$ cat data-v9.cif   # mmCIF, C-alpha atoms
data_protein
#
loop_
_atom_site.label_atom_id
_atom_site.label_comp_id
_atom_site.auth_asym_id
_atom_site.auth_seq_id
_atom_site.Cartn_x
_atom_site.Cartn_y
_atom_site.Cartn_z
CA MET A 1 -6.36 -2.03 16.97
CA ASN A 2 -3.10 -2.08 15.03
CA ILE A 3 -3.03 -2.04 11.24
CA LEU A 4 -0.11 -2.71 8.89
CA ILE A 5 0.12 -1.57 5.27
CA ILE A 6 2.65 -3.42 3.10
CA ALA A 7 3.80 -0.91 0.47
CA PRO A 8 6.26 -2.00 -2.22
CA HIS A 9 7.16 1.65 -2.85
CA PRO A 10 6.61 4.94 -1.04
CA ASP A 11 3.25 6.33 -2.22
CA ASP A 12 1.56 2.93 -2.73
CA GLU A 13 0.12 3.13 0.79
CA THR A 14 -1.46 6.51 0.09
CA LEU A 15 -2.72 5.60 -3.37
CA GLY A 16 -4.40 2.40 -2.21
CA VAL A 17 -5.27 2.86 1.45
CA GLY A 18 -4.86 6.58 2.21
CA GLY A 19 -8.50 7.24 3.05
CA VAL A 20 -8.80 4.16 5.24
CA ILE A 21 -5.57 5.05 7.03
CA VAL A 22 -6.94 8.46 8.03
CA LYS A 23 -10.29 6.93 8.96
CA ASN A 24 -8.63 4.48 11.35
CA VAL A 25 -6.32 7.07 12.87
CA LYS A 26 -9.39 9.19 13.64
CA LYS A 27 -10.89 6.18 15.42
CA GLY A 28 -7.80 5.90 17.62
CA ASN A 29 -6.29 2.89 15.85
CA LYS A 30 -2.56 2.74 15.19
CA VAL A 31 -1.48 2.39 11.58
CA TYR A 32 2.01 1.29 10.53
CA CYS A 33 3.51 1.11 7.07
CA CYS A 34 6.19 -1.29 5.83
CA VAL A 35 7.91 0.19 2.76
CA LEU A 36 9.77 -2.61 1.04
CA THR A 37 12.01 -0.87 -1.48
CA LYS A 38 14.40 2.02 -1.87
CA ALA A 39 15.85 3.63 -4.98
CA PHE A 40 19.59 3.25 -5.53
CA PRO A 41 22.13 4.81 -7.86
CA PRO A 42 22.94 4.83 -10.73
CA GLN A 43 19.30 4.33 -11.72
CA TYR A 44 18.32 7.22 -9.43
CA SER A 45 20.29 10.29 -8.36
CA GLU A 46 21.30 10.77 -4.74
CA GLU A 47 19.21 13.95 -4.68
CA LEU A 48 16.09 12.10 -5.82
CA ILE A 49 16.67 9.28 -3.32
CA VAL A 50 16.79 11.76 -0.44
CA ARG A 51 13.75 13.59 -1.77
CA LYS A 52 11.69 10.38 -2.00
CA ARG A 53 12.34 9.57 1.68
CA GLU A 54 11.41 13.12 2.67
CA GLU A 55 8.19 12.87 0.68
CA ALA A 56 7.30 9.56 2.33
CA GLU A 57 7.78 11.02 5.78
CA GLU A 58 5.80 14.12 4.89
CA ALA A 59 2.90 11.98 3.67
CA ARG A 60 3.16 9.80 6.79
CA ARG A 61 2.65 12.84 8.99
CA VAL A 62 -0.33 14.06 6.93
CA LEU A 63 -2.00 10.64 7.13
CA GLY A 64 -1.19 10.14 10.80
CA VAL A 65 0.73 6.89 10.30
CA GLU A 66 2.46 5.91 13.53
CA LYS A 67 5.69 4.77 11.90
CA ASN A 68 7.15 3.80 8.54
CA TYR A 69 9.40 0.73 8.54
CA TYR A 70 11.86 0.95 5.65
CA LEU A 71 13.29 -2.39 4.49
CA GLU A 72 15.43 -0.69 1.80
CA LEU A 73 15.34 -3.54 -0.71
CA PRO A 74 16.22 -2.54 -4.31
CA THR A 75 13.28 -1.03 -6.16
CA LEU A 76 12.05 -2.81 -9.31
CA LYS A 77 14.24 -5.79 -8.39
CA LEU A 78 12.24 -7.66 -5.77
CA ASP A 79 11.81 -10.56 -8.19
CA THR A 80 15.59 -11.07 -8.13
CA LEU A 81 15.63 -11.70 -4.36
CA PRO A 82 14.75 -14.92 -2.51
CA LEU A 83 11.09 -14.75 -1.55
CA PHE A 84 11.88 -16.30 1.81
CA ASP A 85 14.22 -13.44 2.71
CA ILE A 86 11.56 -10.83 1.93
CA GLN A 87 9.00 -12.79 3.91
CA GLN A 88 11.29 -12.93 6.93
CA LYS A 89 11.85 -9.16 6.85
CA ILE A 90 8.09 -8.53 6.74
CA MET A 91 7.54 -11.01 9.56
CA ALA A 92 10.06 -9.07 11.65
CA VAL A 93 7.94 -5.93 11.18
CA ILE A 94 4.76 -7.85 12.04
CA SER A 95 6.40 -9.03 15.26
CA LYS A 96 7.09 -5.40 16.20
CA CYS A 97 3.67 -3.85 15.54
CA HIS A 98 1.36 -6.87 16.12
CA PRO A 99 -1.27 -5.96 13.51
CA GLU A 100 -4.79 -7.31 13.49
CA VAL A 101 -5.33 -6.15 9.91
CA VAL A 102 -2.78 -6.37 7.09
CA TYR A 103 -3.15 -4.71 3.67
CA LEU A 104 -1.21 -6.04 0.67
CA PRO A 105 -0.93 -4.81 -2.93
CA HIS A 106 -3.05 -6.57 -5.54
CA HIS A 107 -1.50 -9.82 -6.74
CA GLY A 108 -2.30 -9.09 -10.39
CA ASP A 109 -0.62 -5.69 -10.70
CA ILE A 110 1.60 -5.12 -13.72
CA ASN A 111 4.46 -4.01 -11.45
CA SER A 112 6.57 -7.03 -10.48
CA ASP A 113 7.46 -5.48 -7.10
CA HIS A 114 3.76 -5.43 -6.23
CA ARG A 115 3.32 -9.08 -7.13
CA VAL A 116 6.33 -10.15 -5.07
CA ALA A 117 5.18 -7.98 -2.16
CA PHE A 118 1.84 -9.77 -2.23
CA GLU A 119 3.44 -13.22 -2.31
CA ALA A 120 5.85 -12.45 0.53
CA GLY A 121 3.19 -10.58 2.51
CA ILE A 122 0.55 -13.30 2.34
CA LEU A 123 3.12 -15.77 3.65
CA ALA A 124 4.25 -13.43 6.41
CA ALA A 125 0.65 -12.74 7.50
CA LYS A 126 -0.38 -16.38 7.62
CA PHE A 127 -2.75 -17.43 10.38
CA THR A 128 -1.23 -19.35 13.25
CA LYS A 129 -2.25 -19.90 16.84
CA GLU A 130 0.16 -17.16 17.93
CA SER A 131 -0.68 -14.70 15.14
CA THR A 132 -2.45 -11.44 15.92
CA VAL A 133 -3.62 -11.09 12.30
CA ARG A 134 -7.39 -11.37 11.86
CA ASN A 135 -7.94 -9.96 8.37
CA VAL A 136 -5.81 -9.76 5.23
CA LEU A 137 -6.93 -7.54 2.35
CA SER A 138 -5.39 -6.44 -0.92
CA TYR A 139 -5.64 -2.91 -2.29
CA GLU A 140 -5.60 -1.29 -5.69
CA VAL A 141 -2.76 0.91 -6.93
CA ILE A 142 -4.65 2.59 -9.73
CA CYS A 143 -2.05 2.66 -12.53
CA SER A 144 -0.45 -0.71 -11.75
CA ALA A 145 -3.84 -2.42 -11.62
CA ASN A 146 -5.30 -0.66 -14.67
CA TRP A 147 -2.32 -1.48 -16.88
CA ALA A 148 -2.38 -5.19 -16.07
CA PRO A 149 -3.22 -7.53 -18.98
CA PRO A 150 -6.91 -8.36 -19.47
CA PHE A 151 -6.74 -11.85 -18.01
CA PRO A 152 -9.01 -13.13 -15.23
CA GLU A 153 -6.07 -13.93 -12.95
CA SER A 154 -4.89 -10.30 -13.15
CA ALA A 155 -8.23 -8.59 -12.59
CA PHE A 156 -8.88 -6.49 -9.51
CA ILE A 157 -12.37 -7.58 -8.45
CA PRO A 158 -13.10 -6.02 -5.04
CA ASN A 159 -15.50 -7.54 -2.55
CA TYR A 160 -14.93 -5.16 0.36
CA PHE A 161 -15.40 -1.39 0.35
CA GLU A 162 -14.78 1.38 2.86
CA ASP A 163 -16.51 4.74 2.79
CA ILE A 164 -13.83 7.46 2.72
CA SER A 165 -16.13 10.40 2.03
CA GLY A 166 -14.91 12.10 5.20
CA THR A 167 -11.21 11.42 4.63
CA LEU A 168 -10.73 11.74 0.86
CA ALA A 169 -9.54 15.35 1.21
CA VAL A 170 -6.74 14.32 3.58
CA LYS A 171 -5.75 11.48 1.25
CA MET A 172 -5.45 13.99 -1.59
CA GLU A 173 -3.28 16.27 0.58
CA ALA A 174 -0.99 13.33 1.37
CA LEU A 175 -0.68 12.50 -2.32
CA LYS A 176 0.48 16.06 -2.99
CA CYS A 177 3.50 15.28 -0.79
CA TYR A 178 4.73 12.84 -3.44
CA ARG A 179 5.83 15.54 -5.85
CA SER A 180 8.34 13.25 -7.58
CA GLU A 181 5.66 10.62 -8.28
CA MET A 182 2.45 12.44 -9.21
CA LYS A 183 1.62 13.08 -12.85
CA LEU A 184 -0.71 15.32 -14.80
CA ALA A 185 -4.10 14.17 -16.12
CA PRO A 186 -5.01 12.08 -18.01
CA HIS A 187 -2.30 9.92 -16.41
CA PRO A 188 -3.96 7.59 -13.87
CA ARG A 189 -1.45 8.68 -11.22
CA SER A 190 -2.86 12.21 -11.26
CA LEU A 191 -4.88 13.88 -8.53
CA GLU A 192 -7.87 14.28 -10.85
CA LEU A 193 -8.03 10.61 -11.87
CA ILE A 194 -7.41 9.32 -8.34
CA GLU A 195 -10.30 11.41 -7.04
CA ILE A 196 -12.52 10.17 -9.87
CA GLU A 197 -11.60 6.57 -9.01
CA ALA A 198 -12.53 7.14 -5.36
CA LYS A 199 -15.87 8.58 -6.39
CA ARG A 200 -16.45 5.69 -8.80
CA TRP A 201 -15.97 3.15 -6.01
CA GLY A 202 -18.16 5.32 -3.80
CA SER A 203 -20.96 5.04 -6.33
CA VAL A 204 -20.78 1.24 -5.99
CA ILE A 205 -21.75 1.43 -2.31
CA GLY A 206 -23.87 4.59 -2.38
CA THR A 207 -21.38 7.02 -0.84
CA GLU A 208 -19.48 10.03 -2.13
CA ALA A 209 -16.13 8.21 -2.14
CA ALA A 210 -14.71 4.82 -1.24
CA GLU A 211 -11.63 2.64 -1.40
CA ALA A 212 -12.01 -0.88 -2.72
CA PHE A 213 -10.31 -4.06 -1.50
CA ILE A 214 -10.28 -7.79 -1.90
CA LEU A 215 -10.83 -9.53 1.41
CA ILE A 216 -8.44 -12.43 1.04
CA ARG A 217 -8.68 -13.99 4.44
CA GLY A 218 -10.56 -13.29 7.63
CA ARG A 219 -11.08 -15.12 10.88
CA VAL A 220 -13.47 -14.69 13.78
CA VAL A 221 -12.24 -15.75 17.19
#
$ encode --input "data-v9.cif" --output "structure tokens"
Amino acid sequence: MNILIIAPHPDDETLGVGGVIVKNVKKGNKVYCCVLTKAFPPQYSEELIVRKREEAEEARRVLGVEKNYYLELPTLKLDTLPLFDIQQKIMAVISKCHPEVVYLPHHGDINSDHRVAFEAGILAAKFTKESTVRNVLSYEVICSANWAPPFPESAFIPNYFEDISGTLAVKMEALKCYRSEMKLAPHPRSLELIEIEAKRWGSVIGTEAAEAFILIRGRVV
């Protein structure tokens, strides 16, 4: 089985789906990641831009991701681009890796790149007669979801959980690769808080750790 993670930024895939990625790789499934954005000067230094790509590739190897596809769209500016153009770029990646499962960021995240990635991704992963996609799920990026306004349409209310008790440690190792992104506790993007979140979701389903998702669309053929 092939799986595709749509990640607006490098590290989103590990934050939201890292444990499930490792779990599927161990099963022999192939996991691909589509990273939508790239940092550009003058907002970011050339040194930091190079370092971010190196970190993403380091994390990819730790997780066992088959390949990262980099679309190199401008970070924090996806909402300035035509949605159709982003959709077409994602569809091109889907046509290369033929996923049966697609993971998207949560539509209610405070980060506008995440919301646009969801909108473009759900269009790109639409069900057609020719489509290989069988399931579409959205994942939680802990700080972007937690900082969203307290409105029902923004809430992350998962209805699908995966036990990652056996792969949480590898997820945490992959997160350590993102040295330019990780923060110190009590920031939600800290190793301590991410591990607590995994254990909190685990308690919902009676396991040591879990990742939570919203199953948006599924089909049985």
$ closest_atom_pairs --input "data-v9.cif" --of "region 122-181 of chain A" --to "region 24-28 of chain A" --cutoff "12 Å" --atoms "all atoms listed in the file" --output "Markdown table"
| residue | atom | partner | partner_atom | distance |
| --- | --- | --- | --- | --- |
| A:Glu162 | CA | A:Asn24 | CA | 10.9 |
| A:Asp163 | CA | A:Asn24 | CA | 11.6 |
| A:Ile164 | CA | A:Asn24 | CA | 10.5 |
| A:Gly166 | CA | A:Lys26 | CA | 10.5 |
| A:Thr167 | CA | A:Lys26 | CA | 9.5 |
| A:Val170 | CA | A:Lys26 | CA | 11.6 |
$ resolve_selection --input "data-v9.cif" --expression "the PyMOL selection byres ((chain A and resi 153) around 12)" --output "ChimeraX atom specification"
/A:106-110,145,148-152,154-157
$ write_last_selection --input "data-v9.cif" --atoms "C-alpha atoms" --output "PDB file, in the coordinates of the input"
ATOM      1  CA  HIS A 106      -3.050  -6.570  -5.540  1.00  0.00           C
ATOM      2  CA  HIS A 107      -1.500  -9.820  -6.740  1.00  0.00           C
ATOM      3  CA  GLY A 108      -2.300  -9.090 -10.390  1.00  0.00           C
ATOM      4  CA  ASP A 109      -0.620  -5.690 -10.700  1.00  0.00           C
ATOM      5  CA  ILE A 110       1.600  -5.120 -13.720  1.00  0.00           C
ATOM      6  CA  ALA A 145      -3.840  -2.420 -11.620  1.00  0.00           C
ATOM      7  CA  ALA A 148      -2.380  -5.190 -16.070  1.00  0.00           C
ATOM      8  CA  PRO A 149      -3.220  -7.530 -18.980  1.00  0.00           C
ATOM      9  CA  PRO A 150      -6.910  -8.360 -19.470  1.00  0.00           C
ATOM     10  CA  PHE A 151      -6.740 -11.850 -18.010  1.00  0.00           C
ATOM     11  CA  PRO A 152      -9.010 -13.130 -15.230  1.00  0.00           C
ATOM     12  CA  SER A 154      -4.890 -10.300 -13.150  1.00  0.00           C
ATOM     13  CA  ALA A 155      -8.230  -8.590 -12.590  1.00  0.00           C
ATOM     14  CA  PHE A 156      -8.880  -6.490  -9.510  1.00  0.00           C
ATOM     15  CA  ILE A 157     -12.370  -7.580  -8.450  1.00  0.00           C
TER      16      ILE A 157
END
$ closest_atom_pairs --input "data-v9.cif" --of "region 130-215 of chain A" --to "region 95-100 of chain A" --cutoff "7 Å" --atoms "only C-alpha atoms" --output "CSV"
residue,atom,partner,partner_atom,distance
A:Thr132,CA,A:Glu100,CA,5.3
A:Val133,CA,A:Glu100,CA,4.1
A:Arg134,CA,A:Glu100,CA,5.1
A:Asn135,CA,A:Glu100,CA,6.6
$ resolve_selection --input "data-v9.cif" --expression "the PyMOL selection byres ((chain A and resi 42-53) around 12)" --output "number ranges by chain"
A: 9-11, 35, 37-41, 54-60, 68-70, 72, 74-77, 177-182
$ write_last_selection --input "data-v9.cif" --atoms "C-alpha atoms" --output "short mmCIF file (atom, residue, chain, number, x, y, z; two decimals), in the frame of the given file"
data_model
loop_
_atom_site.label_atom_id
_atom_site.label_comp_id
_atom_site.auth_asym_id
_atom_site.auth_seq_id
_atom_site.Cartn_x
_atom_site.Cartn_y
_atom_site.Cartn_z
CA HIS A 9 7.16 1.65 -2.85
CA PRO A 10 6.61 4.94 -1.04
CA ASP A 11 3.25 6.33 -2.22
CA VAL A 35 7.91 0.19 2.76
CA THR A 37 12.01 -0.87 -1.48
CA LYS A 38 14.40 2.02 -1.87
CA ALA A 39 15.85 3.63 -4.98
CA PHE A 40 19.59 3.25 -5.53
CA PRO A 41 22.13 4.81 -7.86
CA GLU A 54 11.41 13.12 2.67
CA GLU A 55 8.19 12.87 0.68
CA ALA A 56 7.30 9.56 2.33
CA GLU A 57 7.78 11.02 5.78
CA GLU A 58 5.80 14.12 4.89
CA ALA A 59 2.90 11.98 3.67
CA ARG A 60 3.16 9.80 6.79
CA ASN A 68 7.15 3.80 8.54
CA TYR A 69 9.40 0.73 8.54
CA TYR A 70 11.86 0.95 5.65
CA GLU A 72 15.43 -0.69 1.80
CA PRO A 74 16.22 -2.54 -4.31
CA THR A 75 13.28 -1.03 -6.16
CA LEU A 76 12.05 -2.81 -9.31
CA LYS A 77 14.24 -5.79 -8.39
CA CYS A 177 3.50 15.28 -0.79
CA TYR A 178 4.73 12.84 -3.44
CA ARG A 179 5.83 15.54 -5.85
CA SER A 180 8.34 13.25 -7.58
CA GLU A 181 5.66 10.62 -8.28
CA MET A 182 2.45 12.44 -9.21
#
$ atom_distance --input "data-v9.cif" --atom1 "CA of Val93 (chain A)" --atom2 "CA of Ala212 (chain A)"
24.8 Å
$ resolve_selection --input "data-v9.cif" --expression "the PyMOL selection byres ((chain A and resi 14) around 8)" --output "ChimeraX atom specification"
/A:11-13,15-19,59,171,174-175
$ closest_residue --input "data-v9.cif" --among "A:Pro8, A:Leu71, A:Asn29, A:Arg217" --to "Ala117 (chain A)" --atoms "only C-alpha atoms"
A:Pro8
$ residues_around --input "data-v9.cif" --residues "Ile5 (chain A)" --least-positions-apart "5" --cutoff "7 Å" --atoms "all atoms listed in the file" --output "PyMOL selection string"
chain A and resi 13+32-34+102-104
$ atom_distance --input "data-v9.cif" --atom1 "CA of Val136 (chain A)" --atom2 "CA of Ala120 (chain A)"
12.9 Å
$ atom_distance --input "data-v9.cif" --atom1 "CA of Val65 (chain A)" --atom2 "CA of Ala185 (chain A)"
27.8 Å
$ closest_residue --input "data-v9.cif" --among "A:Val116, A:Ile21, A:Leu123, A:Ala198" --to "Met91 (chain A)" --atoms "all atoms listed in the file"
A:Leu123
$ residues_around --input "data-v9.cif" --residues "Val31 (chain A)" --least-positions-apart "2" --cutoff "6 Å" --atoms "all atoms listed in the file" --output "ChimeraX atom specification"
/A:2-4,65-66
$ closest_residue --input "data-v9.cif" --among "A:Pro158, A:Ser190, A:Asp113, A:Leu184" --to "Leu81 (chain A)" --atoms "only C-alpha atoms"
A:Asp113
